[in-house]
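J.: Handing over input_6.json, JSON, C-alpha atoms and all ligand atoms.
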```json
[["chain", "number", "residue", "atom", "x", "y", "z"],
["D", 1, "MET", "CA", -5.69, -23.29, -64.38],
["D", 2, "LYS", "CA", -7.73, -20.19, -64.11],
["D", 3, "ARG", "CA", -10.93, -20.40, -62.16],
["D", 4, "GLU", "CA", -14.14, -18.70, -63.11],
["D", 5, "PHE", "CA", -15.49, -19.65, -59.74],
["D", 6, "SER", "CA", -14.49, -16.40, -58.10],
["D", 7, "MET", "CA", -16.69, -14.13, -60.16],
["D", 8, "ASP", "CA", -19.60, -16.50, -59.85],
["D", 9, "ARG", "CA", -19.24, -16.58, -56.13],
["D", 10, "ARG", "CA", -19.09, -12.82, -55.90],
["D", 11, "ALA", "CA", -22.13, -12.43, -58.08],
["D", 12, "TYR", "CA", -23.86, -14.98, -55.91],
["D", 13, "LEU", "CA", -22.90, -13.24, -52.71],
["D", 14, "LYS", "CA", -24.08, -9.93, -54.04],
["D", 15, "SER", "CA", -27.38, -11.44, -54.99],
["D", 16, "VAL", "CA", -28.00, -13.00, -51.59],
["D", 17, "GLY", "CA", -26.44, -10.18, -49.63],
["D", 18, "ALA", "CA", -23.55, -10.36, -47.27],
["D", 19, "VAL", "CA", -23.87, -12.84, -44.48],
["D", 20, "GLY", "CA", -22.82, -10.23, -41.96],
["D", 21, "VAL", "CA", -19.75, -9.87, -39.90],
["D", 22, "ALA", "CA", -20.57, -12.69, -37.57],
["D", 23, "GLY", "CA", -17.35, -12.28, -35.73],
["D", 24, "LEU", "CA", -14.16, -13.54, -37.17],
["D", 25, "VAL", "CA", -13.73, -17.08, -38.10],
["D", 26, "SER", "CA", -13.08, -19.61, -35.46],
["D", 27, "GLY", "CA", -9.70, -20.13, -37.00],
["D", 28, "CYS", "CA", -8.60, -16.58, -36.62],
["D", 29, "GLN", "CA", -9.53, -14.43, -33.72],
["D", 30, "GLY", "CA", -6.69, -12.17, -33.15],
["D", 31, "SER", "CA", -5.73, -8.66, -33.83],
["D", 32, "GLU", "CA", -8.62, -7.92, -36.15],
["D", 33, "THR", "CA", -10.29, -4.80, -34.94],
["D", 34, "THR", "CA", -10.93, -3.32, -38.34],
["D", 35, "THR", "CA", -14.07, -1.27, -38.39],
["D", 36, "GLU", "CA", -13.82, 0.11, -41.90],
["D", 37, "PRO", "CA", -17.06, -0.23, -43.77],
["D", 38, "ALA", "CA", -16.89, -2.74, -46.57],
["D", 39, "GLU", "CA", -16.59, -0.65, -49.68],
["D", 40, "ASP", "CA", -17.89, -1.76, -52.97],
["D", 41, "ALA", "CA", -15.38, -4.15, -54.38],
["D", 42, "GLU", "CA", -15.07, -2.29, -57.64],
["D", 43, "THR", "CA", -14.39, 1.15, -56.21],
["D", 44, "ASP", "CA", -11.53, 0.07, -54.04],
["D", 45, "THR", "CA", -8.22, 1.31, -52.88],
["D", 46, "GLY", "CA", -6.69, 3.48, -55.54],
["D", 47, "ALA", "CA", -4.03, 0.87, -55.96],
["D", 48, "GLY", "CA", -4.41, 1.36, -59.69],
["D", 49, "ALA", "CA", -2.59, 4.64, -59.39],
["D", 50, "THR", "CA", 0.64, 2.81, -58.94],
["D", 51, "THR", "CA", 1.86, 0.89, -61.91],
["D", 52, "ASP", "CA", 3.43, -2.46, -61.75],
["D", 53, "ALA", "CA", 7.10, -2.21, -62.48],
["D", 54, "GLY", "CA", 7.06, -5.71, -63.91],
["D", 55, "ALA", "CA", 8.78, -6.08, -67.25],
["D", 56, "GLY", "CA", 6.52, -5.45, -70.18],
["D", 57, "MET", "CA", 3.33, -5.26, -68.18],
["D", 58, "THR", "CA", 2.33, -1.90, -69.51],
["D", 59, "THR", "CA", -1.04, -2.55, -71.09],
["D", 60, "GLU", "CA", -3.07, 0.64, -70.77],
["D", 61, "GLY", "CA", -5.45, 0.58, -67.88],
["D", 62, "ALA", "CA", -4.05, -2.60, -66.41],
["D", 63, "ALA", "CA", -2.56, -2.20, -63.00],
["D", 64, "GLY", "CA", -0.56, -5.36, -63.47],
["D", 65, "THR", "CA", -0.73, -9.03, -62.79],
["D", 66, "ILE", "CA", -0.15, -10.86, -59.55],
["D", 67, "VAL", "CA", 1.17, -14.36, -60.17],
["D", 68, "PRO", "CA", 0.29, -16.57, -57.21],
["D", 69, "GLY", "CA", 2.36, -19.52, -56.07],
["D", 70, "THR", "CA", 1.50, -22.40, -53.76],
["D", 71, "ALA", "CA", 2.51, -25.88, -52.64],
["D", 72, "PRO", "CA", -0.40, -28.32, -52.97],
["D", 73, "GLY", "CA", -0.81, -31.39, -50.79],
["D", 74, "PHE", "CA", -1.97, -29.29, -47.85],
["D", 75, "PRO", "CA", -5.73, -29.84, -47.72],
["D", 76, "PRO", "CA", -8.00, -27.98, -47.40],
["D", 77, "PHE", "CA", -5.76, -24.95, -48.00],
["D", 78, "GLU", "CA", -4.36, -26.17, -51.35],
["D", 79, "TYR", "CA", -4.64, -29.56, -52.96],
["D", 80, "ARG", "CA", -5.38, -31.21, -56.28],
["D", 81, "THR", "CA", -8.65, -32.93, -57.06],
["D", 82, "ASP", "CA", -8.57, -36.38, -58.62],
["D", 83, "GLU", "CA", -8.91, -34.60, -61.94],
["D", 84, "GLY", "CA", -5.78, -32.61, -61.18],
["D", 85, "GLU", "CA", -7.46, -29.29, -60.55],
["D", 86, "LEU", "CA", -5.76, -27.02, -58.03],
["D", 87, "VAL", "CA", -8.34, -26.05, -55.41],
["D", 88, "GLY", "CA", -8.57, -25.03, -51.78],
["D", 89, "PHE", "CA", -9.27, -22.31, -49.30],
["D", 90, "ASP", "CA", -6.12, -20.36, -50.18],
["D", 91, "VAL", "CA", -6.85, -20.65, -53.89],
["D", 92, "ASP", "CA", -10.34, -19.20, -53.49],
["D", 93, "LEU", "CA", -9.26, -16.66, -50.90],
["D", 94, "VAL", "CA", -6.62, -15.26, -53.24],
["D", 95, "ALA", "CA", -9.11, -15.09, -56.12],
["D", 96, "GLU", "CA", -11.47, -13.13, -53.89],
["D", 97, "VAL", "CA", -8.76, -10.86, -52.53],
["D", 98, "VAL", "CA", -7.05, -10.05, -55.82],
["D", 99, "GLY", "CA", -10.50, -9.68, -57.42],
["D", 100, "ARG", "CA", -11.07, -6.76, -55.05],
["D", 101, "THR", "CA", -7.91, -4.95, -56.14],
["D", 102, "ASP", "CA", -7.08, -3.35, -59.47],
["D", 103, "TYR", "CA", -4.69, -6.19, -60.27],
["D", 104, "GLN", "CA", -5.25, -9.23, -62.42],
["D", 105, "LEU", "CA", -4.70, -12.67, -60.98],
["D", 106, "GLY", "CA", -2.18, -14.64, -63.02],
["D", 107, "GLU", "CA", -1.95, -18.41, -63.41],
["D", 108, "TRP", "CA", -1.10, -20.43, -60.32],
["D", 109, "VAL", "CA", 2.41, -21.80, -60.12],
["D", 110, "ASP", "CA", 2.97, -24.77, -57.88],
["D", 111, "MET", "CA", 6.17, -26.04, -56.35],
["D", 112, "ASP", "CA", 7.58, -27.58, -53.20],
["D", 113, "PHE", "CA", 6.89, -25.50, -50.13],
["D", 114, "GLY", "CA", 10.59, -24.90, -49.52],
["D", 115, "ALA", "CA", 10.97, -23.26, -52.94],
["D", 116, "LEU", "CA", 8.27, -20.62, -52.48],
["D", 117, "ILE", "CA", 10.29, -17.85, -50.84],
["D", 118, "GLY", "CA", 13.11, -18.12, -53.37],
["D", 119, "SER", "CA", 10.63, -18.07, -56.26],
["D", 120, "LEU", "CA", 8.94, -15.03, -54.82],
["D", 121, "ASN", "CA", 12.20, -13.18, -54.44],
["D", 122, "ASN", "CA", 13.45, -14.08, -57.91],
["D", 123, "GLY", "CA", 10.20, -12.84, -59.44],
["D", 124, "GLU", "CA", 8.84, -16.14, -60.70],
["D", 125, "ILE", "CA", 5.77, -15.57, -58.55],
["D", 126, "ASP", "CA", 4.41, -12.42, -56.89],
["D", 127, "LEU", "CA", 2.38, -13.85, -54.05],
["D", 128, "ILE", "CA", 2.69, -16.87, -51.77],
["D", 129, "ALA", "CA", -0.57, -18.47, -50.62],
["D", 130, "ALA", "CA", 0.39, -21.71, -48.97],
["D", 131, "GLY", "CA", -0.79, -21.77, -45.39],
["D", 132, "MET", "CA", 2.52, -20.11, -44.65],
["D", 133, "THR", "CA", 3.17, -19.25, -41.04],
["D", 134, "ILE", "CA", 4.42, -15.75, -40.38],
["D", 135, "ASN", "CA", 7.66, -16.05, -38.43],
["D", 136, "ASP", "CA", 10.80, -14.00, -37.86],
["D", 137, "LYS", "CA", 13.02, -16.01, -40.13],
["D", 138, "ARG", "CA", 10.64, -15.57, -43.07],
["D", 139, "ASP", "CA", 9.81, -12.01, -42.17],
["D", 140, "GLN", "CA", 13.44, -11.13, -42.78],
["D", 141, "GLN", "CA", 13.17, -12.41, -46.34],
["D", 142, "ILE", "CA", 9.67, -11.40, -47.42],
["D", 143, "ASP", "CA", 6.67, -9.29, -46.42],
["D", 144, "PHE", "CA", 3.44, -10.77, -45.09],
["D", 145, "SER", "CA", -0.14, -9.62, -45.39],
["D", 146, "ASP", "CA", -2.25, -9.38, -42.27],
["D", 147, "PRO", "CA", -2.85, -12.84, -40.83],
["D", 148, "TYR", "CA", -5.80, -14.79, -42.22],
["D", 149, "TRP", "CA", -5.66, -17.98, -40.12],
["D", 150, "GLU", "CA", -4.41, -19.30, -36.79],
["D", 151, "ALA", "CA", -3.05, -22.76, -36.20],
["D", 152, "ASN", "CA", -1.13, -24.99, -33.83],
["D", 153, "GLN", "CA", 0.78, -28.15, -34.69],
["D", 154, "ALA", "CA", -0.63, -31.65, -34.36],
["D", 155, "VAL", "CA", 1.05, -35.01, -34.07],
["D", 156, "ILE", "CA", -0.83, -37.58, -36.12],
["D", 157, "VAL", "CA", -0.46, -41.37, -35.97],
["D", 158, "ARG", "CA", -2.11, -44.42, -37.52],
["D", 159, "GLU", "CA", -5.70, -44.65, -36.44],
["D", 160, "ASP", "CA", -5.61, -48.34, -35.59],
["D", 161, "GLY", "CA", -1.99, -48.44, -34.46],
["D", 162, "ASP", "CA", -0.52, -49.42, -31.10],
["D", 163, "PHE", "CA", 1.49, -46.24, -30.98],
["D", 164, "GLN", "CA", -0.71, -43.57, -29.39],
["D", 165, "PRO", "CA", 1.61, -40.93, -27.89],
["D", 166, "SER", "CA", 0.17, -38.20, -25.70],
["D", 167, "ALA", "CA", 3.15, -35.85, -25.42],
["D", 168, "VAL", "CA", 6.36, -35.10, -27.34],
["D", 169, "GLY", "CA", 8.42, -37.20, -24.92],
["D", 170, "ASP", "CA", 6.55, -40.29, -26.11],
["D", 171, "LEU", "CA", 8.00, -39.80, -29.59],
["D", 172, "SER", "CA", 11.46, -40.94, -28.45],
["D", 173, "GLY", "CA", 12.66, -43.94, -30.37],
["D", 174, "HIS", "CA", 9.98, -43.57, -33.05],
["D", 175, "ARG", "CA", 10.25, -42.38, -36.63],
["D", 176, "VAL", "CA", 8.74, -38.92, -37.02],
["D", 177, "GLY", "CA", 8.00, -37.15, -40.29],
["D", 178, "ALA", "CA", 7.32, -33.60, -41.46],
["D", 179, "GLN", "CA", 7.36, -31.61, -44.66],
["D", 180, "SER", "CA", 10.64, -30.02, -45.57],
["D", 181, "GLY", "CA", 10.91, -26.31, -44.79],
["D", 182, "THR", "CA", 7.82, -26.12, -42.60],
["D", 183, "THR", "CA", 7.21, -25.10, -39.02],
["D", 184, "GLY", "CA", 6.31, -28.76, -38.40],
["D", 185, "GLU", "CA", 9.88, -29.56, -39.35],
["D", 186, "ASP", "CA", 11.05, -26.85, -36.93],
["D", 187, "GLN", "CA", 9.27, -28.75, -34.16],
["D", 188, "VAL", "CA", 11.00, -31.99, -35.09],
["D", 189, "GLU", "CA", 14.36, -30.24, -35.26],
["D", 190, "GLY", "CA", 13.75, -28.84, -31.79],
["D", 191, "LEU", "CA", 13.15, -32.36, -30.51],
["D", 192, "ILE", "CA", 16.36, -33.55, -32.13],
["D", 193, "GLU", "CA", 18.27, -30.68, -30.56],
["D", 194, "ASP", "CA", 16.95, -31.36, -27.09],
["D", 195, "GLY", "CA", 17.70, -35.05, -27.43],
["D", 196, "THR", "CA", 14.10, -36.30, -27.45],
["D", 197, "LEU", "CA", 14.55, -37.65, -30.96],
["D", 198, "SER", "CA", 17.55, -39.04, -32.73],
["D", 199, "GLY", "CA", 18.32, -37.31, -36.04],
["D", 200, "SER", "CA", 18.22, -40.64, -37.83],
["D", 201, "ASP", "CA", 14.56, -41.03, -36.86],
["D", 202, "TYR", "CA", 13.51, -37.93, -38.75],
["D", 203, "ARG", "CA", 11.76, -38.59, -42.08],
["D", 204, "GLN", "CA", 11.62, -35.52, -44.29],
["D", 205, "TYR", "CA", 8.99, -35.28, -47.05],
["D", 206, "ASP", "CA", 8.52, -33.02, -50.04],
["D", 207, "ASN", "CA", 4.86, -32.72, -49.14],
["D", 208, "TYR", "CA", 2.45, -33.79, -46.43],
["D", 209, "THR", "CA", 0.42, -36.05, -48.69],
["D", 210, "LEU", "CA", 3.46, -38.27, -49.08],
["D", 211, "ALA", "CA", 4.11, -38.12, -45.34],
["D", 212, "VAL", "CA", 0.57, -39.26, -44.56],
["D", 213, "GLN", "CA", 0.85, -42.06, -47.11],
["D", 214, "ASP", "CA", 4.02, -43.26, -45.42],
["D", 215, "LEU", "CA", 2.29, -43.03, -42.06],
["D", 216, "GLU", "CA", -0.56, -45.21, -43.28],
["D", 217, "ASN", "CA", 1.92, -47.68, -44.75],
["D", 218, "GLY", "CA", 3.87, -47.90, -41.53],
["D", 219, "ASN", "CA", 7.06, -46.36, -42.89],
["D", 220, "VAL", "CA", 6.91, -43.59, -40.32],
["D", 221, "ASP", "CA", 5.20, -43.61, -36.90],
["D", 222, "ALA", "CA", 4.06, -40.02, -36.47],
["D", 223, "VAL", "CA", 3.84, -36.85, -38.53],
["D", 224, "VAL", "CA", 3.97, -33.28, -37.23],
["D", 225, "ILE", "CA", 1.58, -31.10, -39.20],
["D", 226, "ASP", "CA", -0.63, -28.02, -38.82],
["D", 227, "VAL", "CA", -3.84, -28.82, -36.89],
["D", 228, "PRO", "CA", -6.38, -27.80, -39.56],
["D", 229, "VAL", "CA", -4.63, -29.99, -42.12],
["D", 230, "ALA", "CA", -4.28, -32.81, -39.58],
["D", 231, "GLU", "CA", -8.04, -32.64, -39.04],
["D", 232, "ASN", "CA", -8.62, -32.88, -42.76],
["D", 233, "PHE", "CA", -6.37, -35.94, -43.10],
["D", 234, "ALA", "CA", -7.94, -37.49, -39.99],
["D", 235, "ALA", "CA", -11.36, -37.15, -41.60],
["D", 236, "ASN", "CA", -10.29, -38.70, -44.89],
["D", 237, "ARG", "CA", -7.45, -41.09, -44.17],
["D", 238, "ALA", "CA", -6.63, -43.84, -41.68],
["D", 239, "VAL", "CA", -4.86, -41.44, -39.32],
["D", 240, "THR", "CA", -5.80, -39.66, -36.13],
["D", 241, "ILE", "CA", -4.58, -36.73, -34.06],
["D", 242, "ALA", "CA", -2.66, -38.08, -31.05],
["D", 243, "PHE", "CA", -2.02, -34.69, -29.43],
["D", 244, "THR", "CA", -1.31, -31.09, -30.34],
["D", 245, "ILE", "CA", 1.56, -28.70, -29.67],
["D", 246, "GLU", "CA", 0.50, -25.12, -28.94],
["D", 247, "THR", "CA", 2.54, -23.00, -31.34],
["D", 248, "GLY", "CA", 0.11, -20.13, -31.91],
["D", 249, "GLU", "CA", 1.00, -19.74, -35.58],
["D", 250, "ARG", "CA", -0.67, -17.34, -37.96],
["D", 251, "PHE", "CA", -0.80, -17.72, -41.71],
["D", 252, "GLY", "CA", -0.20, -14.78, -44.03],
["D", 253, "LEU", "CA", 0.08, -14.19, -47.75],
["D", 254, "GLY", "CA", 3.67, -13.53, -48.76],
["D", 255, "LEU", "CA", 4.86, -10.66, -50.97],
["D", 256, "ARG", "CA", 8.27, -9.32, -51.87],
["D", 257, "GLU", "CA", 9.63, -6.80, -49.40],
["D", 258, "ASP", "CA", 9.73, -4.00, -51.96],
["D", 259, "ASP", "CA", 6.21, -4.70, -53.25],
["D", 260, "ASP", "CA", 3.90, -1.90, -52.18],
["D", 261, "ARG", "CA", 0.84, -3.90, -53.24],
["D", 262, "VAL", "CA", 0.70, -5.36, -49.74],
["D", 263, "SER", "CA", -1.58, -2.54, -48.59],
["D", 264, "ALA", "CA", -4.03, -3.14, -51.44],
["D", 265, "ILE", "CA", -3.98, -6.84, -50.52],
["D", 266, "ASN", "CA", -4.66, -6.05, -46.86],
["D", 267, "ASP", "CA", -7.54, -3.74, -47.73],
["D", 268, "ALA", "CA", -9.05, -6.40, -49.96],
["D", 269, "LEU", "CA", -8.57, -9.05, -47.28],
["D", 270, "ALA", "CA", -10.47, -6.85, -44.83],
["D", 271, "GLU", "CA", -13.29, -6.49, -47.36],
["D", 272, "VAL", "CA", -13.44, -10.22, -47.89],
["D", 273, "ARG", "CA", -13.86, -10.66, -44.15],
["D", 274, "ASP", "CA", -16.33, -7.83, -43.73],
["D", 275, "ASP", "CA", -18.67, -8.82, -46.54],
["D", 276, "GLY", "CA", -19.06, -12.42, -45.36],
["D", 277, "THR", "CA", -17.12, -14.04, -48.18],
["D", 278, "TYR", "CA", -14.48, -15.25, -45.76],
["D", 279, "ASP", "CA", -17.08, -17.07, -43.68],
["D", 280, "GLU", "CA", -18.52, -18.62, -46.82],
["D", 281, "LEU", "CA", -15.10, -20.00, -47.72],
["D", 282, "VAL", "CA", -14.60, -21.32, -44.20],
["D", 283, "ALA", "CA", -17.97, -23.06, -44.39],
["D", 284, "GLU", "CA", -17.08, -24.54, -47.74],
["D", 285, "TYR", "CA", -13.68, -25.91, -46.79],
["D", 286, "PHE", "CA", -13.73, -26.50, -43.05],
["D", 287, "GLU", "CA", -17.25, -27.41, -41.99],
["Z", 1, "LIG", "N1", 2.18, -23.58, -41.72],
["Z", 1, "LIG", "C1", 3.34, -24.37, -41.98],
["Z", 1, "LIG", "C2", 4.51, -23.50, -42.34],
["Z", 1, "LIG", "O1", 4.36, -22.36, -42.60],
["Z", 1, "LIG", "C3", 3.14, -25.41, -43.06],
["Z", 1, "LIG", "C4", 2.75, -24.86, -44.39],
["Z", 1, "LIG", "C5", 2.78, -25.92, -45.46],
["Z", 1, "LIG", "N2", 2.10, -25.42, -46.61],
["Z", 1, "LIG", "C6", 1.92, -26.11, -47.76],
["Z", 1, "LIG", "N3", 1.22, -25.55, -48.70],
["Z", 1, "LIG", "N4", 2.45, -27.25, -47.91],
["Z", 1, "LIG", "O2", 5.61, -23.94, -42.39]]
```
Now, as a test, write the supplied structure out as structure tokens.
T.:
Amino acid sequence: MKREFSMDRRAYLKSVGAVGVAGLVSGCQGSETTTEPAEDAETDTGAGATTDAGAGMTTEGAAGTIVPGTAPGFPPFEYRTDEGELVGFDVDLVAEVVGRTDYQLGEWVDMDFGALIGSLNNGEIDLIAAGMTINDKRDQQIDFSDPYWEANQAVIVREDGDFQPSAVGDLSGHRVGAQSGTTGEDQVEGLIEDGTLSGSDYRQYDNYTLAVQDLENGNVDAVVIDVPVAENFAANRAVTIAFTIETGERFGLGLREDDDRVSAINDALAEVRDDGTYDELVAEYFE
């Protein structure tokens, strides 16, 4: 499922000129104080000097391949079109970022969210791009790029339903869902631990698309999910955001701890921001 889109977009952006560094995206004002000038994408980082230690990847001149992995069903970060094509902000962002390094982008591998870290560490994939929140637990197992997005959690409910909670306490006695292995699930587990929810009221899903389907069908009463994805579902499905939980999460791309390509990825990410491509992607997927 390789996309030609990336090169076209870059050619397009070069032809129209960069949009300018109009501040960082609404989604991600944070630590970004980078003032490096955007270098030409092709002259880049010198990352090619290091060779990929990957088995058999020794083609002359090739710096190596980065095989990206994701967990679709998380629109607009990663999802499948009706035709089955894997698309989304993360998919395009990674194409742009890796396109600005000396590495080749491999074919996307998709799996359940909870399998991504294991697959990264066993070498099946080289990069996680899945709206993954940087947190301590994960940081002990993998490395993260600089953050590329900020998000809180939302509690979504049926749009036309009687159940319209306004705070976590209102969830008591109701069935609450989240995707397995996510920070949304962490929130639910916290509510079970503090006695707000009974463990038997937790509904765990392999992905958020299934959770939202069950919400629409009345099989679950609320779903805890990242705000930007909640907004996307609220715009397209019969669900609405009841309230949000301020978690101050930041998404990063995941790499193996011993993978020194993280600096090339961070440099490329900074370029993608500086040359306006990032804003173009935000406009395409979030506005
Ligand atoms: N940001 C949340 C987390 O890191 C949810 C990510 C879910 N991503 C996905 N592609 N399904 O746990």
J.: Could you tell me how far atom CA of Ser145 of chain D lies from atom CA of Val229 of chain D, in Å and to one decimal?
T.: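 Pair atom CA of Ser145 of chain D / atom CA of Val229 of chain D returns 21.1 Å.
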J.: Which is closer to Phe233 of chain D than all the others in D:Gln213, D:Gln164, D:Asn152, D:Thr183, using all atoms listed in the file?
T.: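 With all atoms listed in the file as the atom set, the closest residue is D:Gln213.
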J.: Produce as a ChimeraX atom specification the set of residues near ligand LIG 1 (chain Z), where near means within 9 Å with all atoms listed in the file considered.
T.: /D:70-75,77-79,112-114,129-135,151-153,179-186,206-208,225-226,249-252
J.: Given the choices D:Asn266, D:Gln187, D:Tyr205, D:Gly276, which gets closest to Val97 of chain D if the distance is worked out from all atoms listed in the file?
T.: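 Nearest candidate to Val97 of chain D out of D:Asn266, D:Gln187, D:Tyr205, D:Gly276: D:Asn266.
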J.: Check the smallest atom-to-atom distance from each of D:Ala211, D:Val223, D:Ile117, D:Leu269 to Lys137 of chain D using all atoms listed in the file, then report the winner.
T.: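 Looking at the shortest contact to Lys137 of chain D, the residue is D:Ile117.
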J.: Of the candidates D:Asp143, D:Asp279, D:Asp170, D:Glu150, which one gets nearest to Thr247 of chain D if we count all atoms listed in the file?
T.: D:Glu150
